[in-house]
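Data file: input.tsv. Format and content: TSV, C-alpha atoms (C1' of nucleotides).
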```
chain	number	residue	atom	x	y	z
A	1	MET	CA	65.84	-16.25	42.96
A	2	ASP	CA	66.28	-16.58	39.25
A	3	ASP	CA	63.65	-19.16	38.69
A	4	VAL	CA	60.48	-17.12	38.32
A	5	LEU	CA	59.68	-14.10	36.22
A	6	GLU	CA	57.12	-11.84	37.85
A	7	LEU	CA	54.98	-10.74	34.96
A	8	GLU	CA	53.35	-8.00	37.00
A	9	ARG	CA	56.71	-6.27	37.13
A	10	PHE	CA	57.87	-7.13	33.64
A	11	LEU	CA	57.69	-4.06	31.50
A	12	PRO	CA	56.89	-5.47	28.06
A	13	TYR	CA	54.09	-7.49	29.56
A	14	ARG	CA	52.66	-4.60	31.54
A	15	LEU	CA	52.80	-2.24	28.62
A	16	ASN	CA	51.16	-4.67	26.26
A	17	ARG	CA	48.45	-5.47	28.70
A	18	LEU	CA	47.72	-1.85	29.45
A	19	ALA	CA	47.86	-0.78	25.84
A	20	GLU	CA	45.46	-3.55	24.95
A	21	ALA	CA	43.06	-2.85	27.79
A	22	VAL	CA	43.06	0.91	27.33
A	23	SER	CA	42.78	0.84	23.56
A	24	ARG	CA	40.12	-1.76	23.19
A	25	ASP	CA	37.07	0.32	24.04
A	26	PHE	CA	38.30	3.31	22.19
A	27	ALA	CA	39.21	1.32	19.10
A	28	ARG	CA	35.74	-0.11	19.01
A	29	THR	CA	34.12	3.31	18.88
A	30	TYR	CA	35.99	4.47	15.81
A	31	ARG	CA	35.70	1.13	14.13
A	32	GLU	CA	31.95	1.21	14.50
A	33	ARG	CA	31.49	4.89	13.73
A	34	LEU	CA	34.02	5.32	10.97
A	35	GLY	CA	34.98	1.83	9.90
A	36	LEU	CA	38.62	2.54	10.65
A	37	THR	CA	41.22	0.03	11.69
A	38	ARG	CA	43.77	1.00	14.30
A	39	PRO	CA	46.54	1.77	11.80
A	40	GLU	CA	44.12	3.84	9.76
A	41	TRP	CA	43.03	5.79	12.79
A	42	ARG	CA	46.62	6.46	13.74
A	43	LEU	CA	47.46	7.62	10.29
A	44	LEU	CA	44.48	9.97	10.29
A	45	ALA	CA	45.42	11.31	13.71
A	46	THR	CA	49.05	11.76	12.76
A	47	LEU	CA	48.32	13.63	9.56
A	48	GLY	CA	45.64	15.66	11.30
A	49	GLN	CA	48.11	16.82	13.86
A	50	PHE	CA	51.20	17.33	11.74
A	51	GLY	CA	49.84	18.18	8.32
A	52	THR	CA	51.98	16.79	5.53
A	53	MET	CA	54.24	13.84	6.23
A	54	THR	CA	55.87	10.90	4.49
A	55	ALA	CA	54.84	7.33	5.16
A	56	THR	CA	58.18	6.55	6.75
A	57	ALA	CA	57.84	9.48	9.13
A	58	VAL	CA	54.39	8.31	10.15
A	59	GLY	CA	55.74	4.87	10.83
A	60	ALA	CA	58.62	6.20	12.90
A	61	HIS	CA	56.35	8.41	14.93
A	62	SER	CA	53.84	5.75	15.76
A	63	ALA	CA	56.08	2.67	15.81
A	64	MET	CA	54.07	1.09	13.03
A	65	HIS	CA	55.53	-1.41	10.62
A	66	LYS	CA	55.94	0.12	7.20
A	67	THR	CA	53.57	-2.32	5.57
A	68	LYS	CA	50.90	-1.29	8.04
A	69	VAL	CA	51.43	2.31	7.09
A	70	SER	CA	51.45	1.49	3.41
A	71	ARG	CA	48.14	-0.29	3.66
A	72	ALA	CA	46.56	2.36	5.81
A	73	VAL	CA	47.60	4.97	3.28
A	74	ALA	CA	46.03	2.97	0.49
A	75	ALA	CA	42.82	2.59	2.48
A	76	LEU	CA	42.44	6.25	3.36
A	77	GLU	CA	43.28	7.27	-0.15
A	78	LYS	CA	40.60	4.99	-1.47
A	79	ARG	CA	38.10	6.77	0.75
A	80	GLY	CA	39.22	10.11	-0.48
A	81	TRP	CA	40.46	11.20	2.92
A	82	LEU	CA	44.09	11.48	1.95
A	83	ALA	CA	46.09	12.61	-1.06
A	84	ARG	CA	49.59	11.63	-2.11
A	85	ALA	CA	52.01	13.94	-3.86
A	86	THR	CA	55.32	12.69	-5.14
A	87	ASP	CA	58.18	14.89	-4.04
A	88	THR	CA	59.78	16.67	-6.96
A	89	ASP	CA	63.30	16.55	-5.56
A	90	ASP	CA	63.25	12.92	-4.51
A	91	ARG	CA	60.75	10.93	-6.46
A	92	ARG	CA	60.83	8.02	-4.04
A	93	ILE	CA	59.11	10.15	-1.43
A	94	GLU	CA	55.39	10.67	-1.20
A	95	ARG	CA	54.05	13.59	0.78
A	96	LEU	CA	50.79	12.61	2.44
A	97	THR	CA	48.10	15.14	3.27
A	98	LEU	CA	44.50	14.89	4.41
A	99	THR	CA	41.93	16.06	1.94
A	100	SER	CA	39.23	18.43	3.15
A	101	ARG	CA	36.96	15.47	3.72
A	102	GLY	CA	39.68	13.69	5.65
A	103	ALA	CA	40.30	16.79	7.71
A	104	ALA	CA	36.60	17.09	8.43
A	105	THR	CA	36.56	13.52	9.72
A	106	TYR	CA	39.58	14.29	11.83
A	107	ARG	CA	37.87	17.32	13.34
A	108	ASP	CA	34.86	15.20	14.22
A	109	MET	CA	37.06	12.66	15.89
A	110	VAL	CA	39.15	14.95	18.04
A	111	PRO	CA	36.52	15.76	20.67
A	112	VAL	CA	35.66	12.08	21.00
A	113	ALA	CA	39.28	11.25	21.67
A	114	LYS	CA	39.61	14.08	24.13
A	115	ALA	CA	36.55	12.92	26.00
A	116	PHE	CA	38.06	9.47	26.23
A	117	GLU	CA	41.29	10.93	27.50
A	118	ALA	CA	39.45	12.95	30.12
A	119	ARG	CA	37.63	9.87	31.33
A	120	ILE	CA	40.89	8.08	31.99
A	121	ASP	CA	42.44	11.11	33.60
A	122	ALA	CA	39.50	11.34	35.94
A	123	MET	CA	40.26	7.85	37.20
A	124	LEU	CA	43.76	8.81	38.24
A	125	GLY	CA	44.73	11.05	41.10
A	126	LYS	CA	46.75	14.14	40.42
A	127	GLN	CA	49.91	12.62	41.84
A	128	GLU	CA	49.52	9.43	39.86
A	129	ARG	CA	48.89	11.33	36.68
A	130	ALA	CA	52.10	13.26	37.18
A	131	ALA	CA	54.04	10.11	37.98
A	132	LEU	CA	52.69	8.38	34.91
A	133	ALA	CA	53.55	11.30	32.68
A	134	ARG	CA	57.06	11.43	34.02
A	135	GLY	CA	57.62	7.69	33.80
A	136	LEU	CA	56.29	7.38	30.28
A	137	ALA	CA	58.35	10.33	29.12
A	138	ALA	CA	61.50	8.78	30.54
A	139	LEU	CA	60.74	5.47	28.93
A	140	GLU	CA	60.02	7.06	25.59
A	141	LYS	CA	63.34	8.81	25.76
A	142	ALA	CA	65.16	5.63	26.68
A	143	VAL	CA	63.55	3.63	23.91
A	144	ALA	CA	64.21	6.28	21.31
A	145	GLY	CA	67.81	6.75	22.35
A	146	GLY	CA	68.70	3.16	23.05
A	147	SER	CA	67.85	2.03	19.58
B	1	MET	CA	41.67	24.70	21.31
B	2	ASP	CA	39.67	21.64	20.49
B	3	ASP	CA	40.88	21.21	16.99
B	4	VAL	CA	44.05	19.19	17.41
B	5	LEU	CA	44.76	16.02	19.33
B	6	GLU	CA	48.30	15.87	20.60
B	7	LEU	CA	49.24	12.27	20.10
B	8	GLU	CA	52.32	12.59	22.27
B	9	ARG	CA	50.01	13.15	25.22
B	10	PHE	CA	47.30	10.73	24.23
B	11	LEU	CA	47.48	7.70	26.44
B	12	PRO	CA	46.28	4.91	24.15
B	13	TYR	CA	48.68	6.08	21.51
B	14	ARG	CA	51.63	6.36	23.88
B	15	LEU	CA	51.00	2.99	25.42
B	16	ASN	CA	50.64	1.25	22.10
B	17	ARG	CA	53.74	2.84	20.75
B	18	LEU	CA	55.79	2.02	23.81
B	19	ALA	CA	54.48	-1.50	24.05
B	20	GLU	CA	55.30	-2.07	20.43
B	21	ALA	CA	58.75	-0.54	20.61
B	22	VAL	CA	59.71	-2.27	23.83
B	23	SER	CA	58.34	-5.67	22.88
B	24	ARG	CA	59.65	-5.88	19.38
B	25	ASP	CA	63.26	-6.76	20.09
B	26	PHE	CA	62.37	-9.07	22.86
B	27	ALA	CA	59.72	-10.84	20.86
B	28	ARG	CA	62.18	-11.47	18.10
B	29	THR	CA	64.59	-13.26	20.40
B	30	TYR	CA	62.08	-15.83	21.59
B	31	ARG	CA	60.60	-16.25	18.20
B	32	GLU	CA	63.98	-17.08	16.75
B	33	ARG	CA	65.21	-19.18	19.63
B	34	LEU	CA	62.04	-21.01	20.51
B	35	GLY	CA	59.69	-20.44	17.63
B	36	LEU	CA	57.10	-18.94	19.95
B	37	THR	CA	54.52	-16.34	19.05
B	38	ARG	CA	53.72	-13.60	21.53
B	39	PRO	CA	50.56	-15.24	22.85
B	40	GLU	CA	52.43	-18.50	23.25
B	41	TRP	CA	55.23	-16.83	25.13
B	42	ARG	CA	52.78	-15.13	27.43
B	43	LEU	CA	50.99	-18.35	28.12
B	44	LEU	CA	54.26	-20.08	28.92
B	45	ALA	CA	55.31	-17.23	31.20
B	46	THR	CA	51.95	-17.13	32.94
B	47	LEU	CA	51.84	-20.85	33.62
B	48	GLY	CA	55.49	-20.82	34.64
B	49	GLN	CA	54.79	-18.22	37.22
B	50	PHE	CA	51.45	-19.34	38.55
B	51	GLY	CA	51.46	-23.07	38.02
B	52	THR	CA	48.05	-24.44	37.13
B	53	MET	CA	45.47	-22.09	35.63
B	54	THR	CA	42.44	-22.09	33.40
B	55	ALA	CA	42.46	-20.55	29.94
B	56	THR	CA	40.03	-17.86	31.02
B	57	ALA	CA	42.23	-16.88	33.93
B	58	VAL	CA	45.23	-16.62	31.64
B	59	GLY	CA	43.26	-14.38	29.32
B	60	ALA	CA	42.09	-12.15	32.14
B	61	HIS	CA	45.56	-11.80	33.55
B	62	SER	CA	47.23	-10.91	30.30
B	63	ALA	CA	44.37	-9.09	28.54
B	64	MET	CA	44.42	-11.63	25.74
B	65	HIS	CA	41.38	-12.47	23.70
B	66	LYS	CA	40.09	-15.92	24.52
B	67	THR	CA	40.65	-17.21	21.01
B	68	LYS	CA	44.28	-16.17	21.28
B	69	VAL	CA	44.60	-18.12	24.47
B	70	SER	CA	42.79	-21.09	23.00
B	71	ARG	CA	45.17	-21.23	20.07
B	72	ALA	CA	48.23	-20.73	22.19
B	73	VAL	CA	47.13	-23.59	24.40
B	74	ALA	CA	46.67	-25.84	21.39
B	75	ALA	CA	50.12	-24.89	20.09
B	76	LEU	CA	51.96	-25.53	23.35
B	77	GLU	CA	50.11	-28.75	23.88
B	78	LYS	CA	51.13	-29.93	20.46
B	79	ARG	CA	54.75	-29.34	21.43
B	80	GLY	CA	54.34	-31.26	24.60
B	81	TRP	CA	55.03	-28.25	26.79
B	82	LEU	CA	51.62	-28.12	28.37
B	83	ALA	CA	49.02	-30.58	29.59
B	84	ARG	CA	45.30	-30.10	29.99
B	85	ALA	CA	43.23	-31.75	32.67
B	86	THR	CA	39.50	-31.42	32.69
B	87	ASP	CA	38.22	-30.39	36.08
B	88	THR	CA	36.28	-33.18	37.70
B	89	ASP	CA	33.81	-30.88	39.41
B	90	ASP	CA	33.13	-28.65	36.44
B	91	ARG	CA	33.79	-30.33	33.16
B	92	ARG	CA	33.74	-27.08	31.22
B	93	ILE	CA	36.99	-26.06	32.88
B	94	GLU	CA	40.42	-27.20	31.82
B	95	ARG	CA	43.30	-26.87	34.20
B	96	LEU	CA	46.47	-26.05	32.30
B	97	THR	CA	49.89	-27.01	33.56
B	98	LEU	CA	53.35	-27.01	32.04
B	99	THR	CA	54.90	-30.38	31.48
B	100	SER	CA	58.44	-30.97	32.66
B	101	ARG	CA	59.67	-30.10	29.20
B	102	GLY	CA	57.61	-26.95	29.20
B	103	ALA	CA	58.90	-26.02	32.62
B	104	ALA	CA	62.46	-26.59	31.45
B	105	THR	CA	61.91	-24.22	28.56
B	106	TYR	CA	60.45	-21.70	30.95
B	107	ARG	CA	63.48	-21.95	33.21
B	108	ASP	CA	65.75	-21.34	30.25
B	109	MET	CA	63.78	-18.31	29.28
B	110	VAL	CA	63.60	-16.57	32.62
B	111	PRO	CA	67.19	-15.32	32.77
B	112	VAL	CA	66.91	-14.00	29.22
B	113	ALA	CA	63.82	-12.02	30.16
B	114	LYS	CA	65.47	-10.74	33.30
B	115	ALA	CA	68.49	-9.60	31.36
B	116	PHE	CA	66.22	-7.72	29.02
B	117	GLU	CA	64.44	-6.14	31.94
B	118	ALA	CA	67.74	-5.10	33.47
B	119	ARG	CA	68.83	-3.48	30.25
B	120	ILE	CA	65.76	-1.28	30.19
B	121	ASP	CA	66.04	-0.46	33.86
B	122	ALA	CA	69.61	0.63	33.31
B	123	MET	CA	68.40	3.21	30.82
B	124	LEU	CA	66.13	4.85	33.36
B	125	GLY	CA	67.20	6.88	36.33
B	126	LYS	CA	66.14	5.79	39.76
B	127	GLN	CA	63.57	8.56	40.05
B	128	GLU	CA	62.08	7.81	36.68
B	129	ARG	CA	61.89	4.13	37.43
B	130	ALA	CA	59.95	4.87	40.58
B	131	ALA	CA	57.65	7.29	38.79
B	132	LEU	CA	56.99	4.77	36.06
B	133	ALA	CA	56.21	2.03	38.53
B	134	ARG	CA	53.82	4.26	40.40
B	135	GLY	CA	52.10	5.56	37.29
B	136	LEU	CA	51.65	2.14	35.73
B	137	ALA	CA	50.32	0.71	38.95
B	138	ALA	CA	47.75	3.48	39.19
B	139	LEU	CA	46.70	2.99	35.62
B	140	GLU	CA	46.41	-0.75	36.05
B	141	LYS	CA	44.18	-0.20	39.01
B	142	ALA	CA	42.03	2.30	37.14
B	143	VAL	CA	41.64	0.05	34.14
B	144	ALA	CA	40.81	-2.97	36.23
B	145	GLY	CA	38.28	-1.11	38.34
B	146	GLY	CA	36.74	1.02	35.64
B	147	SER	CA	35.73	-1.93	33.57
C	1	DC	C1'	81.16	8.57	-14.09
C	2	DC	C1'	79.53	3.48	-12.99
C	3	DG	C1'	78.24	-0.17	-10.06
C	4	DA	C1'	77.09	-1.22	-5.16
C	5	DA	C1'	74.68	-0.14	-1.33
C	6	DT	C1'	70.69	2.47	0.69
C	7	DT	C1'	66.21	4.28	1.00
C	8	DG	C1'	60.94	4.90	0.23
C	9	DG	C1'	57.37	2.31	-0.62
C	10	DT	C1'	54.58	-1.94	-2.35
C	11	DT	C1'	53.17	-6.74	-2.72
C	12	DG	C1'	52.96	-12.18	-2.33
C	13	DC	C1'	52.43	-15.29	0.96
C	14	DA	C1'	51.89	-17.58	5.06
C	15	DT	C1'	50.32	-16.76	9.48
C	16	DC	C1'	47.77	-14.43	13.06
C	17	DT	C1'	43.69	-12.14	14.68
C	18	DG	C1'	38.83	-10.88	16.09
C	19	DT	C1'	33.96	-11.64	15.42
C	20	DA	C1'	30.35	-14.38	15.58
C	21	DA	C1'	28.39	-18.60	15.97
C	22	DC	C1'	28.61	-22.94	18.04
C	23	DG	C1'	28.73	-27.42	21.33
C	24	DG	C1'	28.96	-28.79	25.74
C	25	DT	C1'	28.38	-28.06	30.77
C	26	DC	C1'	26.56	-26.02	34.83
C	27	DG	C1'	23.28	-23.37	38.07
C	28	DA	C1'	18.94	-21.40	39.09
C	29	DT	C1'	14.12	-21.08	38.67
C	30	DT	C1'	10.04	-23.28	38.40
D	1	DA	C1'	13.32	-32.75	36.13
D	2	DA	C1'	12.77	-29.48	32.28
D	3	DT	C1'	14.03	-24.99	30.82
D	4	DC	C1'	16.49	-20.81	30.59
D	5	DG	C1'	20.53	-18.32	30.91
D	6	DA	C1'	25.30	-18.03	31.85
D	7	DC	C1'	29.84	-19.77	31.25
D	8	DC	C1'	34.19	-22.33	29.23
D	9	DG	C1'	36.35	-23.20	25.37
D	10	DT	C1'	36.64	-24.14	20.08
D	11	DT	C1'	36.22	-23.11	15.28
D	12	DA	C1'	34.86	-21.10	10.50
D	13	DC	C1'	35.59	-17.27	8.14
D	14	DA	C1'	37.00	-12.86	6.72
D	15	DG	C1'	40.25	-9.57	7.38
D	16	DA	C1'	44.75	-7.85	9.37
D	17	DT	C1'	49.62	-8.65	10.04
D	18	DG	C1'	54.78	-9.42	9.46
D	19	DC	C1'	58.43	-11.10	6.79
D	20	DA	C1'	60.87	-11.30	2.81
D	21	DA	C1'	61.40	-10.19	-1.66
D	22	DC	C1'	60.80	-6.78	-4.76
D	23	DC	C1'	60.83	-2.20	-7.82
D	24	DA	C1'	62.26	2.32	-8.44
D	25	DA	C1'	64.96	6.33	-7.19
D	26	DT	C1'	68.94	8.12	-4.87
D	27	DT	C1'	73.44	8.28	-2.80
D	28	DC	C1'	77.92	6.57	-1.93
D	29	DG	C1'	82.64	4.92	-3.13
D	30	DG	C1'	86.17	4.25	-6.13
```

Now that the file is in, can you turn its structure into C-alpha cells?
Amino acid sequence: MDDVLELERFLPYRLNRLAEAVSRDFARTYRERLGLTRPEWRLLATLGQFGTMTATAVGAHSAMHKTKVSRAVAALEKRGWLARATDTDDRRIERLTLTSRGAATYRDMVPVAKAFEARIDAMLGKQERAALARGLAALEKAVAGGS
Amino acid sequence: MDDVLELERFLPYRLNRLAEAVSRDFARTYRERLGLTRPEWRLLATLGQFGTMTATAVGAHSAMHKTKVSRAVAALEKRGWLARATDTDDRRIERLTLTSRGAATYRDMVPVAKAFEARIDAMLGKQERAALARGLAALEKAVAGGS
DNA sequence: CCGAATTGGTTGCATCTGTAACGGTCGATT
DNA sequence: AATCGACCGTTACAGATGCAACCAATTCGG
C-alpha cells in the first residue's frame, strides 16, 4: 500500500508537468518575437497590469526568486522598457514602472496572450473549465495561507 | 477591454506559480536529505513506479527535456542507483532500471512524498479536492491531445 | 540613543538548463 | 545493398538559475 507513489496523482508532479507543457509553446513565441526570458515576460506582464510595484512585490506575486526578479529588472531597464525610482521615505525600496516603450510592448503582447488563453479554453468543456478554476483557486488559497 | 491581461486568470502564469510554490518546500527536503535535483528525483520516482523504461519515455511522461533526462540518468547511474541495459533488438534504446540500492532509496522516499501529499490535501475541502482533480485531468487530456 | 536584527536588493560562484549539432542505429525506398 | 530520413541519446556551449554572502537602509529592543 505504501510502496508506490502514483505520480499521476501527485500534485507537485502534475503541476510541474502541466506548467511546463502549457508554458512551453507560449514561452517560445515571446522569446522569438521579443527576446524575452520567462522571468522578464512575467515582470513585464506584472508591471503592465499593476502599474508601479517593488521588486519584492513582483516576486511575491509571481513566486519568483528574488534574484530572478533582480536580473529581470536589470534586463528590462537596459532595454529602456522599465524605470526605477528610489522611494523617498524608504531608500531601500525601488518603485518599478514601465516606460512608454515598455507599455507599448505590453499592449502588443496582451492580445497574443489572450488568444493563447482562448485556445486553451476552447479545448476544455464548460464544466471542466469551471472545475479547474475552482480547484486552482482553492489551491492558491491553501498555498498562500499555509505558508 | 483588451488592454490588460489579468495574470490571476492566466493559466500558464497560475500553473507556473502554483507548481513553483508547491514544489519548493518539497524539493528542498529531498535535496537536503538525498542530494537529488528535481530531474533526478523525478527520474527516480518514475522508475520506481513503472519499473523499466527508456529515457524518452521518462521524458514524455514527465514533460522533461531529453537533455535533462540524459543528465539525470548519468547522475543516478554514477551513484549506483540505476542501471542501463542496451536493448538487444534496437541498440539505440537503453532500458533503465533501478538497482536494489536505488529501489531502497525510492522506498524510503515514498512515505515522505505521501505525507507531503496528505498535508496539501488536508488544506483543501473535499469539494475543492474533487474540483481540482477534475480540472487537472481535463487539462492534462487537452494538453496531451492538442499537441 | 546605540547596537542587533530585519528588510530590499545585488552579486560571485557553482550548477543547471536549453539549443543546436552530433554519432550511432534502425526502417523504408529503391 | 546503398541511401535517405527518422529516431535515441549525448555533449559543447552559451545563458539562466539558486544559494549564500553581501551592502545599504530601516526598525526594533534595551

Counting all atoms listed in the file, chain A residues within 6 Å of chain B, as an NGL selection string: :A and (4-5 or 12 or 15-17 or 19 or 23 or 49 or 62-63 or 110 or 123 or 128 or 131-132 or 135 or 142)

Output chain B, superimposed onto chain A using in-order Cα pairs, as a short mmCIF file (atom, residue, chain, number, x, y, z; two decimals) with C-alpha atoms, in the frame of the given file:
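Saved the output as result-v1.cif:
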```cif
data_model
loop_
_atom_site.label_atom_id
_atom_site.label_comp_id
_atom_site.auth_asym_id
_atom_site.auth_seq_id
_atom_site.Cartn_x
_atom_site.Cartn_y
_atom_site.Cartn_z
CA MET B 1 65.65 -16.38 43.13
CA ASP B 2 66.09 -16.66 39.42
CA ASP B 3 63.45 -19.22 38.83
CA VAL B 4 60.30 -17.15 38.44
CA LEU B 5 59.54 -14.12 36.33
CA GLU B 6 57.01 -11.85 37.93
CA LEU B 7 54.90 -10.73 35.03
CA GLU B 8 53.28 -7.97 37.04
CA ARG B 9 56.67 -6.28 37.18
CA PHE B 10 57.83 -7.15 33.71
CA LEU B 11 57.68 -4.08 31.55
CA PRO B 12 56.90 -5.50 28.11
CA TYR B 13 54.09 -7.49 29.60
CA ARG B 14 52.65 -4.58 31.57
CA LEU B 15 52.82 -2.23 28.64
CA ASN B 16 51.19 -4.66 26.26
CA ARG B 17 48.46 -5.45 28.69
CA LEU B 18 47.75 -1.82 29.44
CA ALA B 19 47.90 -0.78 25.83
CA GLU B 20 45.50 -3.53 24.92
CA ALA B 21 43.09 -2.83 27.75
CA VAL B 22 43.11 0.92 27.28
CA SER B 23 42.84 0.85 23.50
CA ARG B 24 40.18 -1.76 23.14
CA ASP B 25 37.13 0.30 24.02
CA PHE B 26 38.36 3.28 22.17
CA ALA B 27 39.24 1.31 19.08
CA ARG B 28 35.78 -0.14 18.99
CA THR B 29 34.15 3.27 18.88
CA TYR B 30 36.01 4.44 15.80
CA ARG B 31 35.72 1.13 14.11
CA GLU B 32 31.97 1.19 14.49
CA ARG B 33 31.49 4.86 13.73
CA LEU B 34 34.02 5.29 10.97
CA GLY B 35 34.98 1.81 9.91
CA LEU B 36 38.63 2.53 10.63
CA THR B 37 41.24 0.02 11.68
CA ARG B 38 43.81 1.00 14.28
CA PRO B 39 46.56 1.76 11.78
CA GLU B 40 44.14 3.84 9.75
CA TRP B 41 43.05 5.78 12.79
CA ARG B 42 46.63 6.46 13.74
CA LEU B 43 47.47 7.64 10.29
CA LEU B 44 44.49 9.97 10.28
CA ALA B 45 45.42 11.31 13.71
CA THR B 46 49.06 11.77 12.76
CA LEU B 47 48.31 13.64 9.56
CA GLY B 48 45.63 15.66 11.31
CA GLN B 49 48.10 16.81 13.85
CA PHE B 50 51.18 17.34 11.74
CA GLY B 51 49.81 18.19 8.33
CA THR B 52 51.93 16.82 5.52
CA MET B 53 54.22 13.87 6.22
CA THR B 54 55.87 10.96 4.50
CA ALA B 55 54.86 7.37 5.16
CA THR B 56 58.21 6.62 6.75
CA ALA B 57 57.85 9.53 9.13
CA VAL B 58 54.40 8.35 10.14
CA GLY B 59 55.79 4.90 10.83
CA ALA B 60 58.66 6.25 12.89
CA HIS B 61 56.39 8.45 14.94
CA SER B 62 53.87 5.78 15.76
CA ALA B 63 56.12 2.70 15.82
CA MET B 64 54.12 1.14 13.01
CA HIS B 65 55.61 -1.32 10.58
CA LYS B 66 56.00 0.22 7.16
CA THR B 67 53.65 -2.26 5.53
CA LYS B 68 50.98 -1.25 8.02
CA VAL B 69 51.46 2.35 7.08
CA SER B 70 51.48 1.53 3.39
CA ARG B 71 48.17 -0.27 3.66
CA ALA B 72 46.61 2.38 5.81
CA VAL B 73 47.61 4.99 3.27
CA ALA B 74 46.05 2.98 0.47
CA ALA B 75 42.84 2.57 2.48
CA LEU B 76 42.45 6.25 3.35
CA GLU B 77 43.27 7.27 -0.16
CA LYS B 78 40.60 4.98 -1.48
CA ARG B 79 38.10 6.76 0.75
CA GLY B 80 39.20 10.10 -0.47
CA TRP B 81 40.45 11.20 2.93
CA LEU B 82 44.07 11.49 1.95
CA ALA B 83 46.06 12.62 -1.06
CA ARG B 84 49.55 11.64 -2.11
CA ALA B 85 51.94 13.95 -3.88
CA THR B 86 55.24 12.69 -5.14
CA ASP B 87 58.08 14.92 -4.06
CA THR B 88 59.57 16.73 -7.01
CA ASP B 89 63.10 16.66 -5.65
CA ASP B 90 63.10 13.05 -4.57
CA ARG B 91 60.65 10.94 -6.45
CA ARG B 92 60.86 8.08 -4.00
CA ILE B 93 59.09 10.19 -1.40
CA GLU B 94 55.37 10.73 -1.20
CA ARG B 95 54.01 13.61 0.78
CA LEU B 96 50.75 12.63 2.44
CA THR B 97 48.07 15.14 3.27
CA LEU B 98 44.48 14.88 4.40
CA THR B 99 41.89 16.05 1.95
CA SER B 100 39.19 18.40 3.15
CA ARG B 101 36.94 15.42 3.72
CA GLY B 102 39.66 13.67 5.65
CA ALA B 103 40.28 16.77 7.71
CA ALA B 104 36.57 17.04 8.45
CA THR B 105 36.54 13.49 9.73
CA TYR B 106 39.57 14.26 11.84
CA ARG B 107 37.86 17.28 13.35
CA ASP B 108 34.85 15.16 14.22
CA MET B 109 37.05 12.63 15.89
CA VAL B 110 39.14 14.91 18.04
CA PRO B 111 36.52 15.72 20.67
CA VAL B 112 35.66 12.04 21.00
CA ALA B 113 39.30 11.21 21.66
CA LYS B 114 39.60 14.05 24.12
CA ALA B 115 36.55 12.87 25.99
CA PHE B 116 38.08 9.44 26.23
CA GLU B 117 41.31 10.91 27.49
CA ALA B 118 39.45 12.93 30.10
CA ARG B 119 37.65 9.85 31.33
CA ILE B 120 40.92 8.07 31.98
CA ASP B 121 42.48 11.11 33.58
CA ALA B 122 39.53 11.35 35.92
CA MET B 123 40.30 7.87 37.19
CA LEU B 124 43.81 8.84 38.22
CA GLY B 125 44.76 11.08 41.07
CA LYS B 126 46.78 14.16 40.37
CA GLN B 127 49.94 12.65 41.81
CA GLU B 128 49.57 9.47 39.83
CA ARG B 129 48.92 11.36 36.65
CA ALA B 130 52.14 13.28 37.14
CA ALA B 131 54.08 10.14 37.96
CA LEU B 132 52.73 8.40 34.89
CA ALA B 133 53.60 11.31 32.65
CA ARG B 134 57.11 11.43 34.01
CA GLY B 135 57.66 7.69 33.81
CA LEU B 136 56.35 7.38 30.27
CA ALA B 137 58.41 10.31 29.11
CA ALA B 138 61.55 8.75 30.54
CA LEU B 139 60.79 5.44 28.94
CA GLU B 140 60.08 7.04 25.59
CA LYS B 141 63.40 8.77 25.76
CA ALA B 142 65.21 5.57 26.69
CA VAL B 143 63.59 3.59 23.92
CA ALA B 144 64.27 6.24 21.33
CA GLY B 145 67.88 6.66 22.36
CA GLY B 146 68.71 3.05 23.05
CA SER B 147 67.80 1.94 19.59
#
```

Counting all atoms listed in the file, a student should be able to say which residues of chain A come within 10 Å of chain C; what is the right answer, written as a PyMOL selection string? chain A and resi 54-56+66-67+69-71+90-94

Using all atoms listed in the file, which of the listed residues (D:DC7, D:DA14, D:DC19, D:DA1) sits closest to chain A?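 The closest residue to chain A is D:DC19.
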
If we draw a sphere of 8 Å around (49.3, -7.9, 8.6), which residues have at least one atom in it when counting only C-alpha atoms (C1' of nucleotides)? Please report them as a PyMOL selection string. (chain A and resi 67-68) or (chain D and resi 16-18)

Any chance you could export the current selection's C-alpha atoms (C1' of nucleotides) as a PDB file, keeping the file's coordinate frame?
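Output file again15.pdb follows:
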```
ATOM      1  CA  THR A  67      53.570  -2.320   5.570  1.00  0.00           C
ATOM      2  CA  LYS A  68      50.900  -1.290   8.040  1.00  0.00           C
TER       3      LYS A  68
ATOM      4  C1'  DA D  16      44.750  -7.850   9.370  1.00  0.00           C
ATOM      5  C1'  DT D  17      49.620  -8.650  10.040  1.00  0.00           C
ATOM      6  C1'  DG D  18      54.780  -9.420   9.460  1.00  0.00           C
TER       7       DG D  18
END
```

Tell me, in Å to one decimal, how far atom CA of Thr97 of chain B is from atom CA of Glu32 of chain B.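 Atom CA of Glu32 of chain B lies 24.1 Å from atom CA of Thr97 of chain B.
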
Mind pulling up the distance from atom CA of Ala57 of chain A to atom CA of Ala75 of chain A? 17.8 Å

Rows by chain and residue number, chain D within 8 Å of chain B, shortest pair, all atoms listed in the file, as JSON lines:
```
{"residue": "D:DC8", "atom": "C1'", "partner": "B:Arg92", "partner_atom": "CA", "distance": 5.2}
{"residue": "D:DG9", "atom": "C1'", "partner": "B:Ser70", "partner_atom": "CA", "distance": 7.2}
{"residue": "D:DT10", "atom": "C1'", "partner": "B:Ser70", "partner_atom": "CA", "distance": 7.5}
```

To one decimal in Å, tell me the separation between atom CA of Arg38 of chain A and atom CA of Leu44 of chain B.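 It comes out at 27.7 Å.
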
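Among the candidates A:Arg28, A:Ala115, A:Thr52, A:Thr99, the one nearest to Lys78 of chain A when counting all atoms listed in the file is A:Thr99.
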
Val58 of chain B proximity check over B:Arg95, B:Arg31, B:Arg79, B:Arg101, using only C-alpha atoms: winner is B:Arg95
